[in-house]
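Okay, so here's the structure we're looking at.
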Amino acid sequence: MTRDATGQGARQAHAVVVGGGLAGTTAALQLADAGVRVTLLEGRPRLGGLAFSFRRGELTVDNGQHVYLRCCTAYRWFLDRIDGARLAPVQDRLDVPVLDVGHRRGPRLGRIRRDDLPVPFHLARSLATYPHLSAVERVSVGRAALALSRLDPADPALDGIDFATWLGRHGQSPRAVEALWDLVGVATLNATAPNASMALAAMVFKTGLLSEPGAADIGWARVPLGELHDTLAGKALAAAGVRTELRTKAERISRTGDGRWAVEVPGETIEADTVVLAVPQHETRALLPDGALDDPDRLLDIGTAPILNLHVVYDRKVLRQPFFTALGSPVQWVFDRTDASGLKGGGQYLAVSQSAAQDDIDEPVAVLRARYLPELERLLPAARGAGVRDFFVTRERTATFDPAPGTGRLRPGARTRAPGLHLAGAWTATGWPATMEGAVRSGFSAAGAALSALGRRHDHPLQEAV
Ligand SMILES: Cc1cc2nc3c(=O)[nH]c(=O)nc-3n(C[C@H](O)[C@H](O)[C@H](O)COP(=O)(O)OP(=O)(O)OC[C@H]3O[C@@H](n4cnc5c(N)ncnc54)[C@H](O)[C@@H]3O)c2cc1C
């Protein structure tokens, strides 16, 4: 017996969470922590959704390099909650090596760093010495950043325009867009400036670069993602008393005669007082009962965007930095995954992360190999004489929702018109682009809505974190 918000005895409520990605796992943990009996259903044989690992010979490979920022308070809560924060630490201070191989006078290395000064002075020195922009462009970038810091990302008008148009209106040259705005924007939004909603761009740049001095310090997993999002998350769920059913796909969700919910999985119908549907938008549309949203087909208008990762195992060390990003090359971001992957024998394993990869996503491996290995040699002199032990690709065609202008009005919140049915997922109305942060935030919102519908108190975990 648990207590409801009025302090009276209540039957232990039962929640079914559908989808074991970060959104569903978060919702399940939050509901269980609030004393609700929880069943978590995941169609695949593992938790973690779009951020997972798999084995390839001796390597443990992530489906795609994932990073987060210090300002991602919800994802950091998640890491703490699964006891994984030490395995995915944040760098002490933002430091991004930016290697330009397109310059007529030869390759040039710049860095985006921050100082321990108040915003916006924390980036002033880095901008003033950034070699990939002219002095005029640097001043103009500073002015645009100040204008951006005054925007309200929740303003619906911003969702109607694209990032490139806004940058153009604020005097940003094509070079400034390439060497700074898109450098950060493509990786965080999964779209180039002309294809990205200004509201989402404002959210990323305002929160990441212009909220607190350390906001953009970068964190990433030093272990395979699966160790966090599957193994440790699974342990935390078990310890919280959640019944987790893998390889169990929800096939139908309907209302029962007594106002509860019935979730049909192969061979079983599970009854629940509340359901959190934490699956991608198209799967949500397929499972939504009639009347749950005013215009459910609008979910199908939320597009998707691909991310491609190229994985290269060299027979020697070719990169000394943990990661870098490139200009003047199709290569975007390169990460050293040697230690995390378990590679033995003195070689080095690099993951090349290509966002907004519409042009490359369907290319055969041989074409990608012929295109990218010479590029890596151009960027990394030590790769020129190195042997390539392995080259393979991971393709995520629906890696994120498409952050196109106008997407904001299509994203539903956690509440539906069906009492007790709630939505979660990075694609729901979090205000964030499709990120781990957005996924966890959506899990908070859905669990909070479910708990208030059950008459339970819900303390938002970020109240202490922010
Ligand atoms: C290659 C790649 C790189 C990325 N890089 C970054 C990054 O650097 N930083 C960052 O913050 N984010 C990044 N992202 C985005 C991030 O991974 C996602 O936004 C986040 O993981 C989405 O979590 P989610 O829980 O909302 O959805 P999902 O991960 O899609 O989870 C939904 C789950 O529901 C399950 N499911 C679907 N239908 C059913 C059903 N009927 N019954 C039961 N289960 C079902 C699915 O199997 C899945 O596990 C990247 C994504 C990819 C693919």
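Chain lettering (A, B, ...) mirrors the order of the structure tokens, residue numbering begins at 1 for each chain separately, and ligand numbering begins at 1 in order of display.
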
Test item: residues at most 9 Å from Ala383 of chain A, only C-alpha atoms, excluding those fewer than 3 positions along its chain, as an MDAnalysis selection string: chainID A and resid 314 316:319 373 376:380 386:388

Could you build a table of the residues in chain A lying no more than 7 Å from ligand 1, giving for each the nearest pair of atoms and their separation in Å rounded to one decimal place, using only C-alpha atoms and all ligand atoms, ordered by chain and ascending residue number, as JSON lines?
```
{"residue": "A:Val18", "atom": "CA", "partner": "ligand 1", "partner_atom_place_in_ligand_line": "43 (C)", "distance": 5.0}
{"residue": "A:Gly19", "atom": "CA", "partner": "ligand 1", "partner_atom_place_in_ligand_line": "34 (O)", "distance": 3.3}
{"residue": "A:Gly20", "atom": "CA", "partner": "ligand 1", "partner_atom_place_in_ligand_line": "49 (O)", "distance": 4.7}
{"residue": "A:Gly21", "atom": "CA", "partner": "ligand 1", "partner_atom_place_in_ligand_line": "31 (O)", "distance": 3.5}
{"residue": "A:Leu22", "atom": "CA", "partner": "ligand 1", "partner_atom_place_in_ligand_line": "25 (O)", "distance": 3.9}
{"residue": "A:Ala23", "atom": "CA", "partner": "ligand 1", "partner_atom_place_in_ligand_line": "25 (O)", "distance": 3.7}
{"residue": "A:Gly24", "atom": "CA", "partner": "ligand 1", "partner_atom_place_in_ligand_line": "25 (O)", "distance": 5.6}
{"residue": "A:Leu41", "atom": "CA", "partner": "ligand 1", "partner_atom_place_in_ligand_line": "43 (C)", "distance": 5.1}
{"residue": "A:Glu42", "atom": "CA", "partner": "ligand 1", "partner_atom_place_in_ligand_line": "44 (N)", "distance": 3.8}
{"residue": "A:Gly43", "atom": "CA", "partner": "ligand 1", "partner_atom_place_in_ligand_line": "44 (N)", "distance": 4.0}
{"residue": "A:Arg44", "atom": "CA", "partner": "ligand 1", "partner_atom_place_in_ligand_line": "47 (O)", "distance": 5.1}
{"residue": "A:Leu47", "atom": "CA", "partner": "ligand 1", "partner_atom_place_in_ligand_line": "49 (O)", "distance": 6.0}
{"residue": "A:Gly48", "atom": "CA", "partner": "ligand 1", "partner_atom_place_in_ligand_line": "49 (O)", "distance": 5.8}
{"residue": "A:Gly49", "atom": "CA", "partner": "ligand 1", "partner_atom_place_in_ligand_line": "49 (O)", "distance": 3.2}
{"residue": "A:Leu50", "atom": "CA", "partner": "ligand 1", "partner_atom_place_in_ligand_line": "29 (O)", "distance": 3.8}
{"residue": "A:Ala51", "atom": "CA", "partner": "ligand 1", "partner_atom_place_in_ligand_line": "17 (O)", "distance": 4.6}
{"residue": "A:Asn63", "atom": "CA", "partner": "ligand 1", "partner_atom_place_in_ligand_line": "1 (C)", "distance": 5.7}
{"residue": "A:Gly64", "atom": "CA", "partner": "ligand 1", "partner_atom_place_in_ligand_line": "1 (C)", "distance": 3.7}
{"residue": "A:Gln65", "atom": "CA", "partner": "ligand 1", "partner_atom_place_in_ligand_line": "3 (C)", "distance": 5.6}
{"residue": "A:His66", "atom": "CA", "partner": "ligand 1", "partner_atom_place_in_ligand_line": "8 (O)", "distance": 3.2}
{"residue": "A:Val67", "atom": "CA", "partner": "ligand 1", "partner_atom_place_in_ligand_line": "8 (O)", "distance": 3.9}
{"residue": "A:Tyr68", "atom": "CA", "partner": "ligand 1", "partner_atom_place_in_ligand_line": "9 (N)", "distance": 5.3}
{"residue": "A:Thr188", "atom": "CA", "partner": "ligand 1", "partner_atom_place_in_ligand_line": "9 (N)", "distance": 6.9}
{"residue": "A:Thr248", "atom": "CA", "partner": "ligand 1", "partner_atom_place_in_ligand_line": "43 (C)", "distance": 5.9}
{"residue": "A:Lys249", "atom": "CA", "partner": "ligand 1", "partner_atom_place_in_ligand_line": "42 (N)", "distance": 3.5}
{"residue": "A:Ala250", "atom": "CA", "partner": "ligand 1", "partner_atom_place_in_ligand_line": "42 (N)", "distance": 4.0}
{"residue": "A:Glu251", "atom": "CA", "partner": "ligand 1", "partner_atom_place_in_ligand_line": "41 (N)", "distance": 5.8}
{"residue": "A:Ala278", "atom": "CA", "partner": "ligand 1", "partner_atom_place_in_ligand_line": "32 (C)", "distance": 5.9}
{"residue": "A:Val279", "atom": "CA", "partner": "ligand 1", "partner_atom_place_in_ligand_line": "34 (O)", "distance": 4.0}
{"residue": "A:Pro280", "atom": "CA", "partner": "ligand 1", "partner_atom_place_in_ligand_line": "30 (O)", "distance": 5.3}
{"residue": "A:Glu283", "atom": "CA", "partner": "ligand 1", "partner_atom_place_in_ligand_line": "38 (N)", "distance": 5.6}
{"residue": "A:Ile307", "atom": "CA", "partner": "ligand 1", "partner_atom_place_in_ligand_line": "1 (C)", "distance": 5.0}
{"residue": "A:Leu308", "atom": "CA", "partner": "ligand 1", "partner_atom_place_in_ligand_line": "1 (C)", "distance": 6.3}
{"residue": "A:Asn309", "atom": "CA", "partner": "ligand 1", "partner_atom_place_in_ligand_line": "1 (C)", "distance": 6.7}
{"residue": "A:Glu396", "atom": "CA", "partner": "ligand 1", "partner_atom_place_in_ligand_line": "53 (C)", "distance": 5.2}
{"residue": "A:Thr398", "atom": "CA", "partner": "ligand 1", "partner_atom_place_in_ligand_line": "53 (C)", "distance": 6.9}
{"residue": "A:Ala399", "atom": "CA", "partner": "ligand 1", "partner_atom_place_in_ligand_line": "53 (C)", "distance": 3.6}
{"residue": "A:Thr400", "atom": "CA", "partner": "ligand 1", "partner_atom_place_in_ligand_line": "15 (C)", "distance": 5.8}
{"residue": "A:Ala424", "atom": "CA", "partner": "ligand 1", "partner_atom_place_in_ligand_line": "26 (O)", "distance": 6.7}
{"residue": "A:Gly425", "atom": "CA", "partner": "ligand 1", "partner_atom_place_in_ligand_line": "26 (O)", "distance": 3.3}
{"residue": "A:Ala426", "atom": "CA", "partner": "ligand 1", "partner_atom_place_in_ligand_line": "26 (O)", "distance": 3.8}
{"residue": "A:Trp427", "atom": "CA", "partner": "ligand 1", "partner_atom_place_in_ligand_line": "26 (O)", "distance": 6.5}
{"residue": "A:Ala434", "atom": "CA", "partner": "ligand 1", "partner_atom_place_in_ligand_line": "19 (O)", "distance": 4.2}
{"residue": "A:Thr435", "atom": "CA", "partner": "ligand 1", "partner_atom_place_in_ligand_line": "11 (O)", "distance": 3.4}
{"residue": "A:Met436", "atom": "CA", "partner": "ligand 1", "partner_atom_place_in_ligand_line": "11 (O)", "distance": 3.8}
{"residue": "A:Glu437", "atom": "CA", "partner": "ligand 1", "partner_atom_place_in_ligand_line": "11 (O)", "distance": 5.6}
{"residue": "A:Gly438", "atom": "CA", "partner": "ligand 1", "partner_atom_place_in_ligand_line": "19 (O)", "distance": 6.6}
{"residue": "A:Ala439", "atom": "CA", "partner": "ligand 1", "partner_atom_place_in_ligand_line": "26 (O)", "distance": 4.3}
```

For Glu178 of chain A, which residue among A:Leu327, A:Ala216, A:Leu368, A:Ala191 is the nearest when counting only C-alpha atoms? A:Leu327

Using only C-alpha atoms, which protein or nucleic acid residues come within 12 Å of Thr129 of chain A? Drop anything in the same chain fewer than 4 positions from it, and give the result as a VMD selection string. chain A and resid 109 to 114 123 to 125 133 to 135 137 to 139

Atom CA of Arg55 of chain A and atom CA of Pro322 of chain A are how many Å apart?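 Those two atoms sit 21.9 Å apart.
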
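Between Trp333 of chain A and the candidates A:Pro97, A:Pro118, A:Gly455, A:Pro174, the tightest atom-to-atom separation, counting only C-alpha atoms, involves A:Pro97.
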
For Glu271 of chain A, the nearest of the candidates A:Leu117, A:Ala382, A:Val141, A:Ile253, counting only C-alpha atoms: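 Of A:Leu117, A:Ala382, A:Val141, A:Ile253, the one nearest Glu271 of chain A is A:Ile253, counting only C-alpha atoms.
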
I need the strand (DSSP E or B) residues of segment 45-262 of chain A per DSSP on the backbone, written as an MDAnalysis selection string. chainID A and resid 53:56 59:62 67:69 90 95:100 108:113 162 197 218:220 243:245 252:255 261:262

Close residues, segment 232-237 of chain A itself excluded, 9 Å, only C-alpha atoms, min 2 positions apart in chain, as a ChimeraX atom specification: /A:25,28-29,32,46-48,78-79,81-84,226-230,239-244

Between atom CA of Leu277 of chain A and atom CA of Met203 of chain A lies a distance of 25.3 Å

Contact residues around Gly102 of chain A with only C-alpha atoms at 7 Å, ignoring same-chain residues under 2 positions, as a compact mmCIF listing (two decimals) with all heavy atoms, in the first residue's frame:
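Final output, selection_5.txt:
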```txt
# COMPACT_ATOMS: atom_id res chain seq x y z
N ASP A 100 41.86 23.18 -40.02
CA ASP A 100 41.44 23.62 -41.35
C ASP A 100 42.47 23.14 -42.37
O ASP A 100 43.63 23.58 -42.34
CB ASP A 100 41.33 25.15 -41.37
CG ASP A 100 40.83 25.66 -42.73
OD1 ASP A 100 40.47 24.82 -43.58
OD2 ASP A 100 40.80 26.89 -42.92
N ARG A 104 44.80 28.07 -48.19
CA ARG A 104 45.79 28.05 -49.29
C ARG A 104 47.22 27.97 -48.78
O ARG A 104 48.11 27.48 -49.46
CB ARG A 104 45.58 29.25 -50.23
CG ARG A 104 45.79 30.59 -49.60
CD ARG A 104 45.27 31.72 -50.46
NE ARG A 104 44.66 32.74 -49.64
CZ ARG A 104 45.35 33.61 -48.87
NH1 ARG A 104 46.65 33.58 -48.85
NH2 ARG A 104 44.71 34.49 -48.14
N PRO A 107 47.62 23.48 -43.83
CA PRO A 107 46.74 23.19 -42.70
C PRO A 107 46.98 24.14 -41.53
O PRO A 107 48.13 24.50 -41.25
CB PRO A 107 47.12 21.75 -42.30
CG PRO A 107 47.84 21.20 -43.48
CD PRO A 107 48.45 22.34 -44.21
N LEU A 327 37.74 21.55 -40.91
CA LEU A 327 37.23 22.49 -41.91
C LEU A 327 37.95 22.22 -43.23
O LEU A 327 39.09 21.75 -43.22
CB LEU A 327 37.52 23.93 -41.49
CG LEU A 327 36.77 24.48 -40.29
CD1 LEU A 327 37.32 25.87 -39.94
CD2 LEU A 327 35.29 24.56 -40.59
N GLY A 328 37.27 22.53 -44.33
CA GLY A 328 37.91 22.34 -45.63
C GLY A 328 37.98 20.88 -46.02
O GLY A 328 38.78 20.49 -46.88
N SER A 329 37.17 20.05 -45.39
CA SER A 329 37.17 18.61 -45.65
C SER A 329 35.75 18.11 -45.41
O SER A 329 35.05 18.67 -44.55
CB SER A 329 38.13 17.92 -44.67
OG SER A 329 37.87 16.53 -44.62
```

Considering only C-alpha atoms, can you say which of A:Ala404, A:Leu454, A:Ala145, A:Leu40 comes closest to Ala196 of chain A?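 Of all the options, A:Ala404 lies closest to Ala196 of chain A.
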
Can you tell me, as a list in words, what residues are no more than 8 Å from segment 151-157 of chain A when counting only C-alpha atoms, ignoring any on the same chain fewer than 3 positions away? Ala147, Leu148, Gly160, Ile161, Met198, Ala199, Leu200, Ala202, Met203, Gly408, Arg409 and Gly431 of chain A

Mind checking which residues fall within 9 Å of segment 412-414 of chain A, counting only C-alpha atoms, ignoring those fewer than 6 positions away in the same chain, and posting them as a PyMOL selection string? chain A and resi 276+293+299+421-424+427-430+442-443+445-450

Serialized selection, N, CA, C and O atoms, as a compact mmCIF listing (two decimals), in the first residue's frame:
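Output file out28.txt follows:
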```txt
# COMPACT_ATOMS: atom_id res chain seq x y z
N VAL A 276 3.04 5.32 -20.46
CA VAL A 276 3.94 6.30 -21.10
C VAL A 276 4.42 5.68 -22.40
O VAL A 276 5.03 4.61 -22.39
N LEU A 293 -4.90 12.40 -29.69
CA LEU A 293 -4.41 13.72 -30.13
C LEU A 293 -5.42 14.30 -31.11
O LEU A 293 -6.10 13.55 -31.82
N LEU A 299 1.90 13.91 -36.55
CA LEU A 299 3.15 13.29 -36.10
C LEU A 299 3.96 12.79 -37.29
O LEU A 299 5.19 12.76 -37.26
N LEU A 421 -2.69 8.56 -20.56
CA LEU A 421 -1.77 8.21 -21.64
C LEU A 421 -0.84 9.40 -21.91
O LEU A 421 -1.32 10.50 -22.19
N HIS A 422 0.46 9.16 -21.82
CA HIS A 422 1.44 10.25 -21.91
C HIS A 422 2.51 9.92 -22.94
O HIS A 422 2.81 8.75 -23.16
N LEU A 423 3.07 10.96 -23.52
CA LEU A 423 4.06 10.76 -24.58
C LEU A 423 5.44 11.21 -24.12
O LEU A 423 5.57 12.21 -23.40
N ALA A 424 6.46 10.47 -24.54
CA ALA A 424 7.84 10.87 -24.29
C ALA A 424 8.66 10.54 -25.53
O ALA A 424 8.22 9.80 -26.40
N TRP A 427 11.70 13.58 -29.62
CA TRP A 427 10.96 14.31 -30.66
C TRP A 427 9.77 15.08 -30.09
O TRP A 427 9.17 15.88 -30.80
N THR A 428 9.41 14.87 -28.84
CA THR A 428 8.27 15.59 -28.27
C THR A 428 8.69 17.02 -27.93
O THR A 428 9.85 17.39 -28.10
N ALA A 429 7.76 17.80 -27.41
CA ALA A 429 8.00 19.26 -27.26
C ALA A 429 8.87 19.56 -26.05
O ALA A 429 8.37 20.01 -25.02
N THR A 430 10.15 19.36 -26.20
CA THR A 430 11.07 19.66 -25.10
C THR A 430 11.74 21.02 -25.29
O THR A 430 12.38 21.52 -24.38
N SER A 442 12.14 14.70 -21.75
CA SER A 442 10.79 14.24 -22.11
C SER A 442 10.33 13.15 -21.15
O SER A 442 9.15 13.05 -20.83
N GLY A 443 11.28 12.33 -20.69
CA GLY A 443 10.94 11.30 -19.70
C GLY A 443 10.47 11.92 -18.39
O GLY A 443 9.50 11.46 -17.78
N SER A 445 9.04 14.87 -18.10
CA SER A 445 7.72 15.49 -18.33
C SER A 445 6.62 14.43 -18.33
O SER A 445 5.56 14.63 -17.72
N ALA A 446 6.88 13.31 -19.01
CA ALA A 446 5.85 12.27 -19.10
C ALA A 446 5.60 11.65 -17.72
O ALA A 446 4.45 11.44 -17.33
N ALA A 447 6.67 11.39 -16.98
CA ALA A 447 6.49 10.80 -15.64
C ALA A 447 5.76 11.80 -14.74
O ALA A 447 4.86 11.41 -13.98
N GLY A 448 6.13 13.08 -14.86
CA GLY A 448 5.47 14.11 -14.04
C GLY A 448 3.98 14.18 -14.35
O GLY A 448 3.14 14.24 -13.44
N ALA A 449 3.65 14.14 -15.64
CA ALA A 449 2.23 14.21 -16.03
C ALA A 449 1.50 12.95 -15.55
O ALA A 449 0.36 13.04 -15.05
N ALA A 450 2.14 11.80 -15.67
CA ALA A 450 1.50 10.55 -15.22
C ALA A 450 1.27 10.58 -13.72
O ALA A 450 0.20 10.19 -13.23
```

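Considering the residues A:Ala74, A:Asp182, A:Gly219, A:Phe392 and counting only C-alpha atoms, Ala201 of chain A has its shortest atom-to-atom contact with A:Asp182.
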
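Distance-wise, atom CA of Ala305 of chain A and atom CA of Ser355 of chain A end up 8.6 Å apart.
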
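Distances here use only C-alpha atoms; by that measure, the residue among A:Arg411, A:Arg456, A:Phe444, A:Val61 closest to Leu310 of chain A is A:Val61.
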
Among the residues of segment 250-436 of chain A, find those DSSP assigns to alpha helix (DSSP H) from the backbone and print them as a list in words.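 Put together, the selection reads Gln281, His282, Glu283, Thr284, Arg285, Ala286, Leu287, Thr338, Asp339, Ala340, Ser341, Val365, Ala366, Val367, Leu368, Arg369, Ala370, Arg371, Tyr372, Leu373, Pro374, Glu375, Leu376, Glu377, Arg378, Leu379 and Met436 of chain A.
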
Selected residues written out with N, CA and C atoms, as a PDB file, in the first residue's frame:
```
ATOM      1  N   GLN A 281       8.247   8.918 -33.290  1.00  0.00           N
ATOM      2  CA  GLN A 281       6.975   9.535 -33.675  1.00  0.00           C
ATOM      3  C   GLN A 281       6.113   8.657 -34.585  1.00  0.00           C
ATOM      4  N   HIS A 282       6.726   7.929 -35.506  1.00  0.00           N
ATOM      5  CA  HIS A 282       5.909   7.126 -36.423  1.00  0.00           C
ATOM      6  C   HIS A 282       5.307   5.924 -35.697  1.00  0.00           C
ATOM      7  N   GLU A 283       6.083   5.324 -34.800  1.00  0.00           N
ATOM      8  CA  GLU A 283       5.566   4.216 -33.984  1.00  0.00           C
ATOM      9  C   GLU A 283       4.485   4.732 -33.036  1.00  0.00           C
ATOM     10  N   THR A 284       4.671   5.950 -32.544  1.00  0.00           N
ATOM     11  CA  THR A 284       3.650   6.546 -31.675  1.00  0.00           C
ATOM     12  C   THR A 284       2.336   6.660 -32.427  1.00  0.00           C
ATOM     13  N   ARG A 285       2.409   7.167 -33.657  1.00  0.00           N
ATOM     14  CA  ARG A 285       1.182   7.318 -34.461  1.00  0.00           C
ATOM     15  C   ARG A 285       0.475   5.971 -34.598  1.00  0.00           C
ATOM     16  N   ALA A 286       1.271   4.918 -34.851  1.00  0.00           N
ATOM     17  CA  ALA A 286       0.673   3.601 -35.072  1.00  0.00           C
ATOM     18  C   ALA A 286       0.005   3.064 -33.801  1.00  0.00           C
ATOM     19  N   LEU A 287       0.526   3.427 -32.634  1.00  0.00           N
ATOM     20  CA  LEU A 287       0.004   2.853 -31.384  1.00  0.00           C
ATOM     21  C   LEU A 287      -1.051   3.728 -30.706  1.00  0.00           C
ATOM     22  N   THR A 338      39.708   4.150 -29.080  1.00  0.00           N
ATOM     23  CA  THR A 338      40.548   2.970 -28.835  1.00  0.00           C
ATOM     24  C   THR A 338      40.267   2.339 -27.472  1.00  0.00           C
ATOM     25  N   ASP A 339      40.402   3.124 -26.416  1.00  0.00           N
ATOM     26  CA  ASP A 339      40.265   2.548 -25.075  1.00  0.00           C
ATOM     27  C   ASP A 339      38.847   2.048 -24.831  1.00  0.00           C
ATOM     28  N   ALA A 340      37.871   2.845 -25.244  1.00  0.00           N
ATOM     29  CA  ALA A 340      36.476   2.465 -24.979  1.00  0.00           C
ATOM     30  C   ALA A 340      36.093   1.176 -25.696  1.00  0.00           C
ATOM     31  N   SER A 341      36.700   0.947 -26.856  1.00  0.00           N
ATOM     32  CA  SER A 341      36.283  -0.202 -27.665  1.00  0.00           C
ATOM     33  C   SER A 341      36.931  -1.500 -27.232  1.00  0.00           C
ATOM     34  N   VAL A 365      29.941   0.944 -48.848  1.00  0.00           N
ATOM     35  CA  VAL A 365      31.132   1.066 -47.992  1.00  0.00           C
ATOM     36  C   VAL A 365      32.366   1.406 -48.830  1.00  0.00           C
ATOM     37  N   ALA A 366      32.483   0.771 -50.001  1.00  0.00           N
ATOM     38  CA  ALA A 366      33.683   0.990 -50.818  1.00  0.00           C
ATOM     39  C   ALA A 366      33.790   2.454 -51.242  1.00  0.00           C
ATOM     40  N   VAL A 367      32.661   3.062 -51.552  1.00  0.00           N
ATOM     41  CA  VAL A 367      32.664   4.472 -51.968  1.00  0.00           C
ATOM     42  C   VAL A 367      33.074   5.356 -50.788  1.00  0.00           C
ATOM     43  N   LEU A 368      32.526   5.049 -49.621  1.00  0.00           N
ATOM     44  CA  LEU A 368      32.845   5.852 -48.433  1.00  0.00           C
ATOM     45  C   LEU A 368      34.315   5.686 -48.068  1.00  0.00           C
ATOM     46  N   ARG A 369      34.799   4.475 -48.197  1.00  0.00           N
ATOM     47  CA  ARG A 369      36.209   4.214 -47.897  1.00  0.00           C
ATOM     48  C   ARG A 369      37.113   5.023 -48.838  1.00  0.00           C
ATOM     49  N   ALA A 370      36.762   4.990 -50.127  1.00  0.00           N
ATOM     50  CA  ALA A 370      37.581   5.717 -51.111  1.00  0.00           C
ATOM     51  C   ALA A 370      37.500   7.227 -50.886  1.00  0.00           C
ATOM     52  N   ARG A 371      36.383   7.689 -50.354  1.00  0.00           N
ATOM     53  CA  ARG A 371      36.226   9.127 -50.134  1.00  0.00           C
ATOM     54  C   ARG A 371      36.913   9.579 -48.838  1.00  0.00           C
ATOM     55  N   TYR A 372      36.766   8.792 -47.784  1.00  0.00           N
ATOM     56  CA  TYR A 372      37.157   9.295 -46.460  1.00  0.00           C
ATOM     57  C   TYR A 372      38.571   8.915 -46.021  1.00  0.00           C
ATOM     58  N   LEU A 373      39.091   7.770 -46.451  1.00  0.00           N
ATOM     59  CA  LEU A 373      40.458   7.440 -46.000  1.00  0.00           C
ATOM     60  C   LEU A 373      41.476   8.471 -46.482  1.00  0.00           C
ATOM     61  N   PRO A 374      41.424   8.893 -47.757  1.00  0.00           N
ATOM     62  CA  PRO A 374      42.368   9.939 -48.181  1.00  0.00           C
ATOM     63  C   PRO A 374      42.157  11.249 -47.421  1.00  0.00           C
ATOM     64  N   GLU A 375      40.893  11.543 -47.052  1.00  0.00           N
ATOM     65  CA  GLU A 375      40.633  12.761 -46.279  1.00  0.00           C
ATOM     66  C   GLU A 375      41.290  12.669 -44.909  1.00  0.00           C
ATOM     67  N   LEU A 376      41.203  11.499 -44.284  1.00  0.00           N
ATOM     68  CA  LEU A 376      41.837  11.342 -42.970  1.00  0.00           C
ATOM     69  C   LEU A 376      43.350  11.475 -43.102  1.00  0.00           C
ATOM     70  N   GLU A 377      43.882  10.999 -44.222  1.00  0.00           N
ATOM     71  CA  GLU A 377      45.336  11.155 -44.445  1.00  0.00           C
ATOM     72  C   GLU A 377      45.709  12.619 -44.625  1.00  0.00           C
ATOM     73  N   ARG A 378      44.800  13.369 -45.250  1.00  0.00           N
ATOM     74  CA  ARG A 378      45.045  14.802 -45.429  1.00  0.00           C
ATOM     75  C   ARG A 378      45.059  15.512 -44.068  1.00  0.00           C
ATOM     76  N   LEU A 379      44.169  15.065 -43.185  1.00  0.00           N
ATOM     77  CA  LEU A 379      44.046  15.709 -41.866  1.00  0.00           C
ATOM     78  C   LEU A 379      45.114  15.238 -40.890  1.00  0.00           C
ATOM     79  N   MET A 436      20.212  13.414 -26.269  1.00  0.00           N
ATOM     80  CA  MET A 436      20.008  12.625 -25.057  1.00  0.00           C
ATOM     81  C   MET A 436      19.349  13.497 -23.998  1.00  0.00           C
TER      82      MET A 436
END
```
